[in-house]
>>> print(open('coords-v9.csv').read())   # CSV, C-alpha atoms
chain,number,residue,atom,x,y,z
A,128,MET,CA,22.7,-7.2,-5.6
A,129,ALA,CA,25.2,-4.5,-4.6
A,130,ALA,CA,23.4,-3.9,-1.4
A,131,ALA,CA,24.4,-7.3,-0.2
A,132,ALA,CA,28.0,-6.2,-0.2
A,133,CYS,CA,27.2,-4.2,2.9
A,134,GLY,CA,26.9,-7.3,4.9
A,135,GLY,CA,29.2,-9.8,6.5
A,136,SER,CA,29.9,-7.9,9.8
A,137,ASP,CA,29.8,-9.4,13.3
A,138,SER,CA,26.3,-9.7,14.5
A,139,PRO,CA,25.2,-7.6,17.5
A,140,THR,CA,23.8,-9.1,20.6
A,141,THR,CA,20.0,-9.2,20.6
A,142,ALA,CA,18.5,-8.0,23.8
A,143,SER,CA,16.1,-10.6,25.3
A,144,THR,CA,12.7,-9.5,26.3
A,145,GLY,CA,10.9,-12.7,25.2
A,146,GLY,CA,11.4,-16.4,25.0
A,147,ALA,CA,13.2,-18.2,22.2
A,148,SER,CA,11.2,-20.4,19.9
A,149,SER,CA,11.9,-24.1,19.2
A,150,ALA,CA,13.9,-24.5,16.1
A,151,PRO,CA,11.9,-25.2,12.9
A,152,ALA,CA,13.4,-27.2,10.1
A,153,ALA,CA,15.1,-24.6,7.9
A,154,ALA,CA,13.6,-26.0,4.7
A,155,SER,CA,10.1,-25.5,6.1
A,156,VAL,CA,10.6,-21.8,7.0
A,157,LYS,CA,8.3,-19.6,5.0
A,158,VAL,CA,9.2,-15.9,5.3
A,159,GLY,CA,6.7,-13.2,4.6
A,160,LEU,CA,8.2,-9.7,4.0
A,161,ALA,CA,6.2,-6.5,3.7
A,162,TYR,CA,8.1,-3.7,2.0
A,163,ASP,CA,7.7,0.1,2.7
A,164,ILE,CA,6.9,2.5,-0.1
A,165,GLY,CA,9.2,2.0,-3.1
A,166,GLY,CA,9.6,-1.7,-2.6
A,167,ARG,CA,12.2,-4.0,-4.0
A,168,GLY,CA,14.1,-2.0,-6.6
A,169,ASP,CA,14.2,1.3,-4.8
A,170,GLY,CA,18.0,1.3,-4.8
A,171,SER,CA,18.0,2.1,-1.1
A,172,PHE,CA,16.3,0.9,2.1
A,173,ASN,CA,14.0,-1.7,0.7
A,174,ASP,CA,16.6,-3.1,-1.5
A,175,ALA,CA,18.9,-3.6,1.5
A,176,ALA,CA,16.1,-5.6,3.2
A,177,ALA,CA,15.6,-7.6,-0.1
A,178,ALA,CA,19.4,-8.4,-0.1
A,179,GLY,CA,19.1,-9.9,3.3
A,180,LEU,CA,16.1,-12.0,2.3
A,181,ASP,CA,17.8,-13.2,-0.9
A,182,LYS,CA,20.8,-14.3,1.2
A,183,ALA,CA,18.5,-16.3,3.5
A,184,VAL,CA,16.8,-17.9,0.5
A,185,SER,CA,20.2,-18.9,-0.9
A,186,GLU,CA,22.0,-19.9,2.3
A,187,LEU,CA,19.2,-21.0,4.6
A,188,LYS,CA,16.9,-22.4,1.8
A,189,VAL,CA,13.8,-20.6,3.2
A,190,ASP,CA,10.8,-19.9,1.0
A,191,LYS,CA,9.5,-16.3,0.7
A,192,LYS,CA,6.6,-14.2,-0.2
A,193,GLU,CA,7.0,-10.4,-0.7
A,194,LEU,CA,4.3,-7.8,-0.6
A,195,GLU,CA,4.6,-4.0,-1.4
A,196,ALA,CA,3.1,-0.9,0.1
A,197,THR,CA,1.3,1.7,-2.0
A,198,GLN,CA,1.5,5.5,-1.7
A,199,GLY,CA,-1.0,7.1,0.7
A,200,GLU,CA,-2.3,3.8,2.1
A,201,THR,CA,-3.9,3.5,5.5
A,202,ASP,CA,-2.8,1.6,8.6
A,203,ALA,CA,-5.8,-0.7,7.9
A,204,GLN,CA,-4.2,-1.6,4.6
A,205,LYS,CA,-0.9,-2.4,6.3
A,206,GLU,CA,-2.7,-4.5,8.8
A,207,GLU,CA,-4.4,-6.5,6.0
A,208,ARG,CA,-1.1,-7.1,4.3
A,209,LEU,CA,0.5,-8.5,7.5
A,210,ARG,CA,-2.6,-10.6,8.2
A,211,LEU,CA,-2.5,-12.0,4.7
A,212,LEU,CA,1.0,-13.3,5.4
A,213,ALA,CA,0.4,-14.5,9.0
A,214,SER,CA,-2.8,-16.3,8.1
A,215,GLY,CA,-1.2,-17.7,4.9
A,216,GLY,CA,1.3,-19.9,6.8
A,217,PHE,CA,4.2,-17.5,6.7
A,218,ASN,CA,6.3,-17.4,9.8
A,219,PRO,CA,8.3,-15.2,10.5
A,220,VAL,CA,6.8,-12.0,9.1
A,221,ILE,CA,9.1,-9.0,8.6
A,222,ALA,CA,7.8,-5.4,8.2
A,223,VAL,CA,10.2,-3.0,6.6
A,224,GLY,CA,9.9,0.5,8.1
A,225,PHE,CA,8.5,2.4,11.0
A,226,ALA,CA,5.3,3.1,9.1
A,227,TYR,CA,4.3,-0.4,10.0
A,228,SER,CA,4.5,0.3,13.8
A,229,ALA,CA,0.8,0.4,14.6
A,230,ALA,CA,0.0,-2.4,12.2
A,231,VAL,CA,2.6,-4.8,13.6
A,232,THR,CA,1.6,-4.1,17.2
A,233,LYS,CA,-2.0,-5.0,16.4
A,234,VAL,CA,-1.5,-8.0,14.1
A,235,ALA,CA,1.3,-9.6,16.2
A,236,ALA,CA,-1.2,-9.6,19.1
A,237,GLU,CA,-3.7,-11.5,16.9
A,238,PHE,CA,-1.1,-14.1,15.9
A,239,PRO,CA,0.8,-14.9,19.1
A,240,ASP,CA,2.4,-18.0,17.6
A,241,ILE,CA,3.9,-16.1,14.7
A,242,LYS,CA,7.3,-14.3,15.1
A,243,PHE,CA,7.3,-10.7,13.7
A,244,ALA,CA,10.2,-8.4,13.1
A,245,ILE,CA,10.0,-4.7,12.3
A,246,VAL,CA,12.8,-2.5,10.9
A,247,ASP,CA,13.4,0.9,12.5
A,248,ASP,CA,10.7,0.8,15.1
A,249,GLY,CA,10.3,-0.1,18.8
A,250,ALA,CA,6.8,-1.6,18.6
A,251,LYS,CA,6.4,-3.8,21.6
A,252,GLY,CA,5.0,-7.4,21.8
A,253,ALA,CA,6.0,-10.8,23.1
A,254,ASN,CA,6.6,-11.9,19.6
A,255,ILE,CA,8.1,-8.8,18.0
A,256,THR,CA,11.8,-8.3,17.3
A,257,ASN,CA,12.9,-4.7,16.7
A,258,LEU,CA,15.8,-4.3,14.2
A,259,LEU,CA,17.2,-0.9,15.1
A,260,PHE,CA,20.2,1.1,13.8
A,261,ALA,CA,22.5,3.9,15.0
A,262,GLU,CA,21.9,5.9,11.9
A,263,GLU,CA,23.4,9.0,13.6
A,264,GLN,CA,26.8,7.3,13.9
A,265,GLY,CA,27.1,6.4,10.2
A,266,SER,CA,25.8,9.9,9.3
A,267,PHE,CA,28.5,11.5,11.5
A,268,LEU,CA,31.1,9.8,9.4
A,269,VAL,CA,29.6,11.0,6.1
A,270,GLY,CA,29.2,14.5,7.7
A,271,VAL,CA,33.0,14.5,8.2
A,272,ALA,CA,33.5,13.5,4.6
A,273,ALA,CA,31.2,16.2,3.3
A,274,ALA,CA,32.9,18.9,5.3
A,275,LEU,CA,36.4,17.8,4.3
A,276,LYS,CA,35.5,17.5,0.7
A,277,SER,CA,33.6,20.8,0.5
A,278,GLN,CA,35.5,23.6,-1.2
A,279,LYS,CA,32.9,26.2,-0.4
A,280,GLY,CA,32.3,25.4,3.3
A,281,ASN,CA,28.6,24.9,2.5
A,282,VAL,CA,26.9,21.5,2.5
A,283,GLY,CA,23.3,20.3,2.5
A,284,PHE,CA,21.0,17.7,4.0
A,285,VAL,CA,17.8,16.4,2.3
A,286,GLY,CA,15.5,14.3,4.4
A,287,GLY,CA,12.6,12.4,2.9
A,288,VAL,CA,10.0,12.9,5.6
A,289,ASP,CA,10.2,15.1,8.7
A,290,VAL,CA,10.0,12.3,11.3
A,291,PRO,CA,12.2,11.3,14.3
A,292,LEU,CA,14.0,8.5,12.4
A,293,ILE,CA,15.3,10.9,9.8
A,294,HIS,CA,16.2,13.5,12.5
A,295,LYS,CA,18.8,10.9,13.5
A,296,PHE,CA,20.4,11.1,10.1
A,297,GLU,CA,20.4,14.9,10.2
A,298,ALA,CA,21.7,15.1,13.8
A,299,GLY,CA,24.7,12.8,13.0
A,300,PHE,CA,25.5,14.5,9.7
A,301,VAL,CA,25.5,18.0,11.3
A,302,ALA,CA,27.6,16.8,14.2
A,303,GLY,CA,30.2,15.2,11.9
A,304,ALA,CA,30.4,18.1,9.6
A,305,LYS,CA,30.9,20.6,12.5
A,306,ALA,CA,33.5,18.3,14.1
A,307,ALA,CA,35.6,18.4,11.0
A,308,LYS,CA,34.9,22.0,10.1
A,309,PRO,CA,33.3,24.1,12.9
A,310,ASP,CA,32.4,27.0,10.7
A,311,ILE,CA,30.7,24.9,8.0
A,312,LYS,CA,27.4,26.2,6.7
A,313,ILE,CA,24.7,23.4,6.6
A,314,GLN,CA,21.4,23.7,4.6
A,315,LYS,CA,18.5,21.4,5.6
A,316,LYS,CA,15.3,20.5,3.8
A,317,TYR,CA,12.6,17.9,4.4
A,318,LEU,CA,10.5,16.9,1.4
A,319,THR,CA,7.2,16.2,3.1
A,320,GLN,CA,5.6,16.3,6.5
A,321,PRO,CA,3.7,13.3,8.0
A,322,PRO,CA,1.2,11.8,7.3
A,323,ASP,CA,2.4,12.5,3.8
A,324,PHE,CA,5.2,9.9,3.3
A,325,SER,CA,5.6,10.5,-0.5
A,326,GLY,CA,9.0,12.2,0.4
A,327,PHE,CA,10.5,8.8,0.3
A,328,GLY,CA,9.4,8.1,-3.2
A,329,ASP,CA,9.4,11.4,-5.2
A,330,PRO,CA,12.7,12.0,-7.1
A,331,ALA,CA,11.3,15.2,-8.6
A,332,LYS,CA,11.0,16.7,-5.1
A,333,GLY,CA,14.4,15.5,-4.2
A,334,LYS,CA,15.9,17.1,-7.3
A,335,THR,CA,14.2,20.5,-6.6
A,336,ALA,CA,15.4,20.6,-3.0
A,337,ALA,CA,19.0,19.7,-3.9
A,338,GLN,CA,19.0,22.2,-6.8
A,339,GLY,CA,18.0,24.9,-4.3
A,340,MET,CA,20.9,24.0,-2.1
A,341,PHE,CA,23.5,24.0,-4.9
A,342,ASP,CA,22.1,27.3,-6.1
A,343,ALA,CA,22.5,28.7,-2.6
A,344,GLY,CA,26.2,27.7,-2.5
A,345,ALA,CA,26.4,24.1,-1.4
A,346,ASP,CA,28.8,21.8,-3.1
A,347,VAL,CA,28.0,18.5,-1.3
A,348,VAL,CA,24.5,17.3,-0.4
A,349,TYR,CA,23.6,14.2,1.7
A,350,GLN,CA,20.2,12.6,1.2
A,351,ALA,CA,18.3,10.4,3.6
A,352,ALA,CA,15.2,10.2,1.3
A,353,GLY,CA,14.7,6.7,0.0
A,354,GLY,CA,13.7,6.7,-3.7
A,355,SER,CA,13.7,10.5,-3.7
A,356,GLY,CA,17.5,10.4,-3.5
A,357,ALA,CA,17.7,9.7,-7.2
A,358,GLY,CA,16.7,13.3,-7.8
A,359,VAL,CA,19.4,14.6,-5.5
A,360,PHE,CA,22.0,12.7,-7.5
A,361,GLU,CA,20.6,14.2,-10.7
A,362,ALA,CA,20.8,17.7,-9.2
A,363,ALA,CA,24.4,17.2,-8.1
A,364,LYS,CA,25.3,16.0,-11.6
A,365,ALA,CA,23.7,19.0,-13.2
A,366,ALA,CA,25.3,21.5,-10.8
A,367,GLY,CA,28.8,19.9,-11.0
A,368,GLY,CA,28.5,19.2,-7.3
A,369,MET,CA,28.9,16.2,-5.1
A,370,ALA,CA,26.3,13.9,-3.4
A,371,ILE,CA,26.3,11.4,-0.6
A,372,GLY,CA,24.1,8.3,-0.7
A,373,VAL,CA,22.3,6.4,2.0
A,374,ASP,CA,21.4,2.9,3.2
A,375,SER,CA,23.2,0.9,0.4
A,376,ASP,CA,26.5,1.6,-1.4
A,377,GLN,CA,24.6,3.6,-4.0
A,378,ALA,CA,27.6,4.3,-6.2
A,379,ALA,CA,27.8,0.5,-6.8
A,380,LEU,CA,24.2,0.0,-7.7
A,381,PRO,CA,23.2,-0.4,-11.3
A,382,ALA,CA,20.2,2.0,-10.7
A,383,TYR,CA,22.6,4.9,-10.2
A,384,ALA,CA,25.1,4.0,-12.9
A,385,ASP,CA,24.6,7.3,-14.7
A,386,ASP,CA,25.2,9.3,-11.5
A,387,LYS,CA,27.8,7.3,-9.7
A,388,ASP,CA,30.6,9.8,-10.5
A,389,VAL,CA,29.0,12.4,-8.3
A,390,ILE,CA,28.4,10.0,-5.3
A,391,ILE,CA,31.5,10.4,-3.2
A,392,THR,CA,30.3,8.0,-0.4
A,393,SER,CA,27.2,6.5,1.1
A,394,MET,CA,26.1,6.0,4.7
A,395,LEU,CA,25.7,2.2,4.9
A,396,LYS,CA,22.8,1.0,7.0
A,397,LYS,CA,23.0,-2.7,6.9
A,398,VAL,CA,19.4,-3.7,6.9
A,399,ASP,CA,20.5,-6.8,4.9
A,400,VAL,CA,22.6,-7.9,7.8
A,401,ALA,CA,19.8,-7.4,10.3
A,402,VAL,CA,17.2,-9.2,8.2
A,403,PHE,CA,19.5,-12.1,7.6
A,404,ASP,CA,20.5,-12.3,11.3
A,405,PHE,CA,16.9,-12.4,12.3
A,406,LEU,CA,16.1,-15.2,9.8
A,407,LYS,CA,19.2,-17.2,10.8
A,408,ASN,CA,18.2,-16.9,14.4
A,409,PHE,CA,14.6,-17.9,13.6
A,410,ALA,CA,15.8,-21.0,11.7
A,411,ALA,CA,18.0,-21.9,14.7
A,412,GLY,CA,15.2,-21.4,17.2
A,413,THR,CA,17.1,-18.6,19.0
A,414,VAL,CA,15.1,-15.6,17.9
A,415,LYS,CA,14.1,-13.3,20.8
A,416,ALA,CA,11.6,-10.4,21.2
A,417,GLY,CA,12.8,-6.9,21.8
A,418,PRO,CA,15.5,-4.6,20.4
A,419,ALA,CA,18.6,-5.7,18.4
A,420,ILE,CA,20.8,-2.6,18.0
A,421,TYR,CA,23.1,-2.3,15.0
A,422,ASP,CA,25.7,0.4,15.6
A,423,LEU,CA,29.2,1.1,14.4
A,424,LYS,CA,30.7,-1.2,17.0
A,425,ALA,CA,28.5,-4.1,15.8
A,426,GLY,CA,29.2,-3.3,12.1
A,427,GLY,CA,25.6,-2.3,11.6
A,428,VAL,CA,26.4,1.1,10.0
A,429,ASP,CA,29.4,2.4,8.2
A,430,TYR,CA,30.4,4.4,5.1
A,431,SER,CA,31.4,3.3,1.6
A,432,THR,CA,34.5,3.9,-0.4
A,433,THR,CA,33.4,2.8,-3.9
A,434,GLY,CA,34.9,5.0,-6.6
A,435,GLY,CA,37.9,6.1,-4.5
A,436,LYS,CA,36.6,9.6,-4.1
A,437,ILE,CA,37.3,9.9,-0.4
A,438,ASP,CA,40.5,7.8,-0.3
A,439,ASP,CA,42.5,10.9,0.5
A,440,ILE,CA,40.5,11.6,3.7
A,441,LYS,CA,39.7,8.0,4.7
A,442,SER,CA,42.3,7.9,7.5
A,443,LYS,CA,40.7,11.1,9.1
A,444,ILE,CA,37.2,9.6,8.8
A,445,ASP,CA,38.5,6.3,10.4
A,446,GLU,CA,40.0,8.3,13.4
A,447,TYR,CA,36.5,9.6,14.1
A,448,LYS,CA,35.0,6.1,13.6
A,449,GLN,CA,37.3,4.7,16.3
A,450,LYS,CA,36.5,7.5,18.7
A,451,ILE,CA,32.8,6.8,18.3
A,452,ILE,CA,33.4,3.0,18.8
A,453,SER,CA,35.5,3.6,21.9
A,454,GLY,CA,33.0,6.0,23.4
A,455,GLU,CA,35.3,9.0,23.2
A,456,ILE,CA,32.7,10.7,21.0
A,457,THR,CA,29.0,10.4,21.7
A,458,VAL,CA,26.9,11.2,18.6
A,459,PRO,CA,23.6,13.1,19.1
A,460,SER,CA,20.5,11.4,17.8
A,461,SER,CA,18.2,14.4,17.7
>>> encode(input="coords-v9.csv", output="structure tokens")
Amino acid sequence: MAAAACGGSDSPTTASTGGASSAPAAASVKVGLAYDIGGRGDGSFNDAAAAGLDKAVSELKVDKKELEATQGETDAQKEERLRLLASGGFNPVIAVGFAYSAAVTKVAAEFPDIKFAIVDDGAKGANITNLLFAEEQGSFLVGVAAALKSQKGNVGFVGGVDVPLIHKFEAGFVAGAKAAKPDIKIQKKYLTQPPDFSGFGDPAKGKTAAQGMFDAGADVVYQAAGGSGAGVFEAAKAAGGMAIGVDSDQAALPAYADDKDVIITSMLKKVDVAVFDFLKNFAAGTVKAGPAIYDLKAGGVDYSTTGGKIDDIKSKIDEYKQKIISGEITVPSS
């Protein structure tokens, strides 16, 4: 899977707020993974998690069970999905996405001997590992790319759902675009408001939002909208504009083969690396509770160059990248 190509970076240090487990025999590890809306095959966030799980199956020889979320489900349904895995002999259990926050907190307390991990959330528990990312740093870099590639001085941001996590993508993108071109115009649109999370799985909404931006003068649109991003790519193609992908190297994914020519870069959020690291640590008996932060310095976020469309500005983007890593630039997260 193309998303797996994001991986391979140095692993960050995991903060220790809980004890390490004793090492289980790798062959006996049974991993339960609960996807967010869109599931495996979303060409984005869930697929990146799936790539990390697939790598663990291949290299660590773990067994797996995968369960998917449904649109509009309740926290009680999420809890039941996690209980099903925890009570079914699966350990560890991984929840993909902040929507599982309350469910993981509750179910992890019910199963103290099971190790849980949650992507994108700081849920606390003695047996919960938080896989967190500096999305604002990667988004800064694609913001620079958007501004430097824009011929009209007008770019757009489409967020899936108006929540703090997606605000990090927006804040970084805006900061990067303004750093590269201070007078750039930036249009912003969120597809849904919580508790409606369909904005992560509605390509039609994504297409309509992006069309509006292109009609209003944008020539580059960045989407942090999960499965809805497919609609943003369609709109860019129809408008003769450019788009920026998210989470995985979307120009390299078969799901977007028809639209890859409009995807100039993607903000890489290496959920695959985080998931594999967690499973490797679990198999080694070294998994710890608390936050593991995946930032630019740790290789947890980055930008893609598939298609060669930003080769002419790569050196400029990399200058900003080094300034963020060195601490010379601090990227806002809200």
>>> residues_around(input="coords-v9.csv", residues="Gly328 of chain A", least_positions_apart="4", cutoff="8 Å", atoms="all atoms listed in the file", output="MDAnalysis selection string")
chainID A and resid 164:165 324 352:355
>>> closest_residue(input="coords-v9.csv", among="A:Ala236, A:Leu180, A:Ala304, A:Leu259", to="Ser277 of chain A", atoms="all atoms listed in the file")
A:Ala304
>>> axis_aligned_box(input="coords-v9.csv", around="segment 242-259 of chain A", padding_each_side="6 Å", output="JSON")
{"center_x": 11.1, "center_y": -6.7, "center_z": 17.0, "size_x": 24.2, "size_y": 27.2, "size_z": 24.2}
>>> closest_atom_pairs(input="coords-v9.csv", of="segment 233-266 of chain A", to="segment 433-457 of chain A", cutoff="12 Å", atoms="all atoms listed in the file", output="CSV")
residue,atom,partner,partner_atom,distance
A:Ala261,CA,A:Ile451,CA,11.2
A:Glu263,CA,A:Thr457,CA,9.9
A:Gln264,CA,A:Ile451,CA,7.5
A:Gly265,CA,A:Lys448,CA,8.6
A:Ser266,CA,A:Lys448,CA,10.8
>>> write_last_selection(input="coords-v9.csv", atoms="C-alpha atoms", output="short mmCIF file (atom, residue, chain, number, x, y, z; two decimals), keeping the file's coordinate frame")
data_model
loop_
_atom_site.label_atom_id
_atom_site.label_comp_id
_atom_site.auth_asym_id
_atom_site.auth_seq_id
_atom_site.Cartn_x
_atom_site.Cartn_y
_atom_site.Cartn_z
CA ALA A 261 22.50 3.90 15.00
CA GLU A 263 23.40 9.00 13.60
CA GLN A 264 26.80 7.30 13.90
CA GLY A 265 27.10 6.40 10.20
CA SER A 266 25.80 9.90 9.30
#
>>> closest_residue(input="coords-v9.csv", among="A:Tyr317, A:Tyr227, A:Tyr162, A:Phe296", to="Ala177 of chain A", atoms="all atoms listed in the file")
A:Tyr162
>>> residues_around(input="coords-v9.csv", residues="Phe243 of chain A", least_positions_apart="6", cutoff="8 Å", atoms="all atoms listed in the file", output="list in words")
Asn218, Pro219, Val220, Ile221, Ala222, Val231, Ala235, Asn254, Ile255 and Thr256 of chain A
>>> residues_around(input="coords-v9.csv", residues="Ala362 of chain A", least_positions_apart="2", cutoff="9 Å", atoms="all atoms listed in the file", output="tab-separated table (two decimals) with C-alpha atoms, in the frame of the given file")
chain	number	residue	atom	x	y	z
A	333	GLY	CA	14.40	15.50	-4.20
A	334	LYS	CA	15.90	17.10	-7.30
A	335	THR	CA	14.20	20.50	-6.60
A	336	ALA	CA	15.40	20.60	-3.00
A	337	ALA	CA	19.00	19.70	-3.90
A	338	GLN	CA	19.00	22.20	-6.80
A	341	PHE	CA	23.50	24.00	-4.90
A	357	ALA	CA	17.70	9.70	-7.20
A	358	GLY	CA	16.70	13.30	-7.80
A	359	VAL	CA	19.40	14.60	-5.50
A	360	PHE	CA	22.00	12.70	-7.50
A	364	LYS	CA	25.30	16.00	-11.60
A	365	ALA	CA	23.70	19.00	-13.20
A	366	ALA	CA	25.30	21.50	-10.80
A	367	GLY	CA	28.80	19.90	-11.00
A	368	GLY	CA	28.50	19.20	-7.30
A	370	ALA	CA	26.30	13.90	-3.40
>>> closest_residue(input="coords-v9.csv", among="A:Gly252, A:Gly215, A:Gly166, A:Gly356", to="Ala229 of chain A", atoms="all atoms listed in the file")
A:Gly252
>>> decode(input="coords-v9.csv", residues="segment 185-247 of chain A", atoms="C-alpha atoms", output="PDB file, in the first residue's frame")
ATOM      1  CA  SER A 185       4.370  -9.091   7.905  1.00  0.00           C
ATOM      2  CA  GLU A 186       7.418  -8.322  10.050  1.00  0.00           C
ATOM      3  CA  LEU A 187       6.295  -9.126  13.590  1.00  0.00           C
ATOM      4  CA  LYS A 188       3.986 -12.012  12.630  1.00  0.00           C
ATOM      5  CA  VAL A 189       1.128 -10.717  14.780  1.00  0.00           C
ATOM      6  CA  ASP A 190      -2.476 -11.770  14.249  1.00  0.00           C
ATOM      7  CA  LYS A 191      -5.121  -9.089  13.690  1.00  0.00           C
ATOM      8  CA  LYS A 192      -8.793  -8.308  13.819  1.00  0.00           C
ATOM      9  CA  GLU A 193     -10.163  -5.098  12.288  1.00  0.00           C
ATOM     10  CA  LEU A 194     -13.514  -3.465  13.016  1.00  0.00           C
ATOM     11  CA  GLU A 195     -15.017  -0.378  11.380  1.00  0.00           C
ATOM     12  CA  ALA A 196     -17.070   2.569  12.580  1.00  0.00           C
ATOM     13  CA  THR A 197     -20.379   3.613  11.054  1.00  0.00           C
ATOM     14  CA  GLN A 198     -21.667   7.110  10.285  1.00  0.00           C
ATOM     15  CA  GLY A 199     -23.536   8.733  13.159  1.00  0.00           C
ATOM     16  CA  GLU A 200     -22.784   6.042  15.726  1.00  0.00           C
ATOM     17  CA  THR A 201     -22.839   6.722  19.480  1.00  0.00           C
ATOM     18  CA  ASP A 202     -20.061   6.500  22.057  1.00  0.00           C
ATOM     19  CA  ALA A 203     -21.847   3.401  23.387  1.00  0.00           C
ATOM     20  CA  GLN A 204     -21.342   1.701  20.009  1.00  0.00           C
ATOM     21  CA  LYS A 205     -17.663   2.623  20.059  1.00  0.00           C
ATOM     22  CA  GLU A 206     -17.354   1.212  23.583  1.00  0.00           C
ATOM     23  CA  GLU A 207     -18.988  -2.037  22.486  1.00  0.00           C
ATOM     24  CA  ARG A 208     -16.540  -2.355  19.573  1.00  0.00           C
ATOM     25  CA  LEU A 209     -13.562  -1.941  21.894  1.00  0.00           C
ATOM     26  CA  ARG A 210     -15.050  -4.334  24.493  1.00  0.00           C
ATOM     27  CA  LEU A 211     -15.585  -6.923  21.771  1.00  0.00           C
ATOM     28  CA  LEU A 212     -11.866  -6.808  20.974  1.00  0.00           C
ATOM     29  CA  ALA A 213     -10.626  -6.631  24.574  1.00  0.00           C
ATOM     30  CA  SER A 214     -12.865  -9.470  25.744  1.00  0.00           C
ATOM     31  CA  GLY A 215     -12.061 -11.526  22.653  1.00  0.00           C
ATOM     32  CA  GLY A 216      -8.429 -12.059  23.555  1.00  0.00           C
ATOM     33  CA  PHE A 217      -7.015  -9.162  21.569  1.00  0.00           C
ATOM     34  CA  ASN A 218      -4.144  -7.343  23.253  1.00  0.00           C
ATOM     35  CA  PRO A 219      -3.179  -4.654  22.393  1.00  0.00           C
ATOM     36  CA  VAL A 220      -6.216  -2.747  21.126  1.00  0.00           C
ATOM     37  CA  ILE A 221      -5.746   0.323  18.911  1.00  0.00           C
ATOM     38  CA  ALA A 222      -8.426   2.971  18.357  1.00  0.00           C
ATOM     39  CA  VAL A 223      -7.939   5.135  15.267  1.00  0.00           C
ATOM     40  CA  GLY A 224      -9.065   8.704  15.839  1.00  0.00           C
ATOM     41  CA  PHE A 225     -10.033  11.205  18.538  1.00  0.00           C
ATOM     42  CA  ALA A 226     -13.697  10.209  18.239  1.00  0.00           C
ATOM     43  CA  TYR A 227     -12.798   7.179  20.398  1.00  0.00           C
ATOM     44  CA  SER A 228     -11.583   9.336  23.302  1.00  0.00           C
ATOM     45  CA  ALA A 229     -14.434   8.736  25.758  1.00  0.00           C
ATOM     46  CA  ALA A 230     -14.828   5.094  24.733  1.00  0.00           C
ATOM     47  CA  VAL A 231     -11.137   4.273  25.184  1.00  0.00           C
ATOM     48  CA  THR A 232     -11.003   6.008  28.575  1.00  0.00           C
ATOM     49  CA  LYS A 233     -13.967   3.968  29.813  1.00  0.00           C
ATOM     50  CA  VAL A 234     -13.112   0.569  28.309  1.00  0.00           C
ATOM     51  CA  ALA A 235      -9.403   0.709  29.181  1.00  0.00           C
ATOM     52  CA  ALA A 236     -10.399   1.126  32.845  1.00  0.00           C
ATOM     53  CA  GLU A 237     -12.557  -2.002  32.565  1.00  0.00           C
ATOM     54  CA  PHE A 238      -9.649  -4.042  31.128  1.00  0.00           C
ATOM     55  CA  PRO A 239      -6.546  -2.965  33.117  1.00  0.00           C
ATOM     56  CA  ASP A 240      -4.478  -5.885  31.802  1.00  0.00           C
ATOM     57  CA  ILE A 241      -5.009  -4.919  28.164  1.00  0.00           C
ATOM     58  CA  LYS A 242      -2.796  -2.273  26.525  1.00  0.00           C
ATOM     59  CA  PHE A 243      -4.672   0.343  24.513  1.00  0.00           C
ATOM     60  CA  ALA A 244      -3.436   2.947  22.047  1.00  0.00           C
ATOM     61  CA  ILE A 245      -5.411   5.844  20.609  1.00  0.00           C
ATOM     62  CA  VAL A 246      -4.392   7.939  17.612  1.00  0.00           C
ATOM     63  CA  ASP A 247      -4.824  11.730  17.872  1.00  0.00           C
TER      64      ASP A 247
END
